[in-house]
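**Student:** What follows is upload31.cif; its format and atoms are mmCIF, C-alpha atoms; chains and numbers go by the auth columns.
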data_work
#
loop_
_atom_site.group_PDB
_atom_site.id
_atom_site.type_symbol
_atom_site.label_atom_id
_atom_site.label_comp_id
_atom_site.label_asym_id
_atom_site.label_seq_id
_atom_site.Cartn_x
_atom_site.Cartn_y
_atom_site.Cartn_z
_atom_site.B_iso_or_equiv
_atom_site.auth_seq_id
_atom_site.auth_asym_id
ATOM 1 C CA MET A 1 154.509 29.217 69.498 0.00 1 Q
ATOM 2 C CA ARG A 2 155.994 32.287 71.185 0.00 2 Q
ATOM 3 C CA VAL A 3 154.768 35.856 70.750 0.00 3 Q
ATOM 4 C CA ALA A 4 157.027 38.723 71.776 0.00 4 Q
ATOM 5 C CA VAL A 5 155.060 41.919 72.355 0.00 5 Q
ATOM 6 C CA CYS A 6 156.261 45.412 73.083 0.00 6 Q
ATOM 7 C CA ARG A 7 154.706 48.821 73.629 0.00 7 Q
ATOM 8 C CA LEU A 8 156.854 51.892 73.061 0.00 8 Q
ATOM 9 C CA THR A 9 155.826 55.242 74.499 0.00 9 Q
ATOM 10 C CA LEU A 10 157.296 58.169 72.582 0.00 10 Q
ATOM 11 C CA ARG A 11 157.679 61.830 73.511 0.00 11 Q
ATOM 12 C CA LEU A 12 157.740 64.045 70.436 0.00 12 Q
ATOM 13 C CA HIS A 13 159.917 67.177 70.312 0.00 13 Q
ATOM 14 C CA ASP A 14 158.540 70.509 69.133 0.00 14 Q
ATOM 15 C CA ASN A 15 155.472 68.983 67.512 0.00 15 Q
ATOM 16 C CA ARG A 16 152.597 71.427 66.988 0.00 16 Q
ATOM 17 C CA SER A 17 149.993 69.448 65.033 0.00 17 Q
ATOM 18 C CA LEU A 18 148.410 66.029 64.765 0.00 18 Q
ATOM 19 C CA LYS A 19 149.442 66.002 61.100 0.00 19 Q
ATOM 20 C CA GLY A 20 153.102 66.442 62.098 0.00 20 Q
ATOM 21 C CA LYS A 21 152.782 63.741 64.742 0.00 21 Q
ATOM 22 C CA ARG A 22 151.197 61.280 62.332 0.00 22 Q
ATOM 23 C CA GLN A 23 153.950 61.924 59.816 0.00 23 Q
ATOM 24 C CA ILE A 24 156.635 61.024 62.380 0.00 24 Q
ATOM 25 C CA VAL A 25 154.792 57.984 63.726 0.00 25 Q
ATOM 26 C CA ARG A 26 153.729 56.664 60.306 0.00 26 Q
ATOM 27 C CA SER A 27 157.286 56.957 58.999 0.00 27 Q
ATOM 28 C CA LEU A 28 158.689 54.987 61.940 0.00 28 Q
ATOM 29 C CA ILE A 29 155.980 52.317 61.693 0.00 29 Q
ATOM 30 C CA ASP A 30 156.550 51.872 57.953 0.00 30 Q
ATOM 31 C CA ARG A 31 160.336 51.575 58.358 0.00 31 Q
ATOM 32 C CA ILE A 32 160.040 48.996 61.157 0.00 32 Q
ATOM 33 C CA ARG A 33 157.369 46.958 59.356 0.00 33 Q
ATOM 34 C CA HIS A 34 159.433 46.880 56.153 0.00 34 Q
ATOM 35 C CA ARG A 35 162.728 46.017 57.823 0.00 35 Q
ATOM 36 C CA PHE A 36 161.565 43.417 60.375 0.00 36 Q
ATOM 37 C CA GLU A 37 158.216 42.119 59.043 0.00 37 Q
ATOM 38 C CA VAL A 38 156.508 42.454 62.439 0.00 38 Q
ATOM 39 C CA SER A 39 152.974 43.528 63.272 0.00 39 Q
ATOM 40 C CA ILE A 40 153.034 47.155 64.380 0.00 40 Q
ATOM 41 C CA ALA A 41 150.470 49.908 64.921 0.00 41 Q
ATOM 42 C CA GLU A 42 149.852 53.114 66.814 0.00 42 Q
ATOM 43 C CA VAL A 43 147.865 51.891 69.817 0.00 43 Q
ATOM 44 C CA GLY A 44 147.381 54.921 72.044 0.00 44 Q
ATOM 45 C CA ASP A 45 147.615 58.671 72.570 0.00 45 Q
ATOM 46 C CA GLN A 46 146.230 59.316 69.073 0.00 46 Q
ATOM 47 C CA ASP A 47 144.808 62.704 70.109 0.00 47 Q
ATOM 48 C CA ARG A 48 147.876 63.917 72.009 0.00 48 Q
ATOM 49 C CA LEU A 49 150.366 66.155 70.200 0.00 49 Q
ATOM 50 C CA LYS A 50 153.487 65.359 72.210 0.00 50 Q
ATOM 51 C CA SER A 51 153.213 61.606 72.785 0.00 51 Q
ATOM 52 C CA ALA A 52 152.494 58.379 70.935 0.00 52 Q
ATOM 53 C CA ARG A 53 152.214 54.710 71.808 0.00 53 Q
ATOM 54 C CA ILE A 54 153.240 52.021 69.362 0.00 54 Q
ATOM 55 C CA GLY A 55 152.480 48.314 69.775 0.00 55 Q
ATOM 56 C CA ILE A 56 154.689 45.662 68.178 0.00 56 Q
ATOM 57 C CA ALA A 57 154.275 41.865 67.978 0.00 57 Q
ATOM 58 C CA ALA A 58 156.574 39.177 66.598 0.00 58 Q
ATOM 59 C CA VAL A 59 155.758 35.458 66.353 0.00 59 Q
ATOM 60 C CA SER A 60 158.367 32.698 66.469 0.00 60 Q
ATOM 61 C CA GLY A 61 158.697 29.053 67.367 0.00 61 Q
ATOM 62 C CA ASP A 62 161.615 29.833 69.671 0.00 62 Q
ATOM 63 C CA ALA A 63 161.439 32.130 72.713 0.00 63 Q
ATOM 64 C CA ARG A 64 165.031 33.286 72.357 0.00 64 Q
ATOM 65 C CA HIS A 65 164.546 34.191 68.693 0.00 65 Q
ATOM 66 C CA ALA A 66 161.368 36.146 69.453 0.00 66 Q
ATOM 67 C CA THR A 67 163.080 38.050 72.277 0.00 67 Q
ATOM 68 C CA GLU A 68 166.157 38.830 70.179 0.00 68 Q
ATOM 69 C CA MET A 69 163.985 40.027 67.302 0.00 69 Q
ATOM 70 C CA MET A 70 162.106 42.401 69.606 0.00 70 Q
ATOM 71 C CA ASP A 71 165.423 43.653 71.035 0.00 71 Q
ATOM 72 C CA ARG A 72 166.591 44.504 67.497 0.00 72 Q
ATOM 73 C CA VAL A 73 163.303 46.269 66.716 0.00 73 Q
ATOM 74 C CA VAL A 74 163.565 48.424 69.860 0.00 74 Q
ATOM 75 C CA GLU A 75 167.217 49.288 69.174 0.00 75 Q
ATOM 76 C CA TYR A 76 166.354 50.227 65.600 0.00 76 Q
ATOM 77 C CA ALA A 77 163.403 52.384 66.699 0.00 77 Q
ATOM 78 C CA GLU A 78 165.553 54.270 69.191 0.00 78 Q
ATOM 79 C CA ALA A 79 168.256 54.870 66.578 0.00 79 Q
ATOM 80 C CA GLN A 80 165.763 56.089 63.947 0.00 80 Q
ATOM 81 C CA LEU A 81 163.969 58.662 66.090 0.00 81 Q
ATOM 82 C CA PHE A 82 165.350 62.159 65.681 0.00 82 Q
ATOM 83 C CA GLU A 83 162.096 64.026 66.362 0.00 83 Q
ATOM 84 C CA ALA A 84 161.164 61.945 69.430 0.00 84 Q
ATOM 85 C CA ASP A 85 162.505 59.972 72.384 0.00 85 Q
ATOM 86 C CA VAL A 86 161.452 56.557 73.630 0.00 86 Q
ATOM 87 C CA ILE A 87 160.452 57.261 77.235 0.00 87 Q
ATOM 88 C CA ASP A 88 158.975 53.869 78.175 0.00 88 Q
ATOM 89 C CA ILE A 89 159.300 50.299 76.931 0.00 89 Q
ATOM 90 C CA GLU A 90 156.955 47.520 78.060 0.00 90 Q
ATOM 91 C CA ARG A 91 157.781 43.981 76.909 0.00 91 Q
ATOM 92 C CA ASP A 92 156.312 40.547 77.370 0.00 92 Q
ATOM 93 C CA LEU A 93 156.786 37.067 75.948 0.00 93 Q
ATOM 94 C CA ILE A 94 153.656 34.961 75.576 0.00 94 Q
ATOM 95 C CA ASP A 95 153.944 31.166 75.364 0.00 95 Q
ATOM 96 C CA LEU A 96 150.995 29.679 73.454 0.00 96 Q
ATOM 97 C CA ASP A 97 151.991 26.001 73.503 0.00 97 Q
#
Starting from the file, lay out its structure as structure tokens.
**Tutor:**
Amino acid sequence: MRVAVCRLTLRLHDNRSLKGKRQIVRSLIDRIRHRFEVSIAEVGDQDRLKSARIGIAAVSGDARHATEMMDRVVEYAEAQLFEADVIDIERDLIDLD
């Protein structure tokens, strides 16, 4: 079993409230979860107005498939963000066999 994990750090543009931030982050999380069926959650910077951290995990029997799936998720996230930029991407592939 292979688990591809990724943490995206986002910088939000012109955000002035936690409510506005949560709206942006929740929308992105819902779109990614629906489209790719991966585990995804906001994992850091919950109290910061201008940044967010999102954790993503995908499980597969094949390392290449897991890596490609995570690549597609990251590309999609970057293309969907109009109110924010991805400023850091941390990835790892965990082999559990």
**Student:** Which value, in Å to one decimal, gives the distance between CA of Ala58 (chain Q) and CA of Arg2 (chain Q)?
**Tutor:**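 CA of Arg2 (chain Q) lies at a distance of 8.3 Å from CA of Ala58 (chain Q).
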**Student:** Which of these residues is nearest to Val43 (chain Q), using only C-alpha atoms: Q:Leu8, Q:Val74, Q:Leu18, Q:Leu81?
**Tutor:** Q:Leu8
**Student:** Which one is closest to Leu96 (chain Q): Q:Arg35, Q:Ile24, Q:Gly61, Q:Ile40? Count all atoms listed in the file.
**Tutor:** Q:Gly61
**Student:** Between CA of Arg11 (chain Q) and CA of Lys50 (chain Q), what is the distance, to one decimal in Å?
**Tutor:**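 Going from CA of Arg11 (chain Q) over to CA of Lys50 (chain Q) covers 5.6 Å.
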**Student:** Enclose region 21-37 of chain Q, meaning all of its atoms listed in the file, in a box aligned along x, y and z, pad it by 4 Å on each side, and list the centre and edge lengths in Å to one decimal, as AutoDock Vina command-line options.
**Tutor:**
--center_x 157.0 --center_y 52.9 --center_z 60.4 --size_x 19.5 --size_y 29.6 --size_z 16.6
**Student:** Please list as number ranges by chain every residue within 7 Å of Val38 (chain Q), counting only C-alpha atoms and excluding residues in the same chain fewer than 5 positions away.
**Tutor:** Q: 33, 56-58
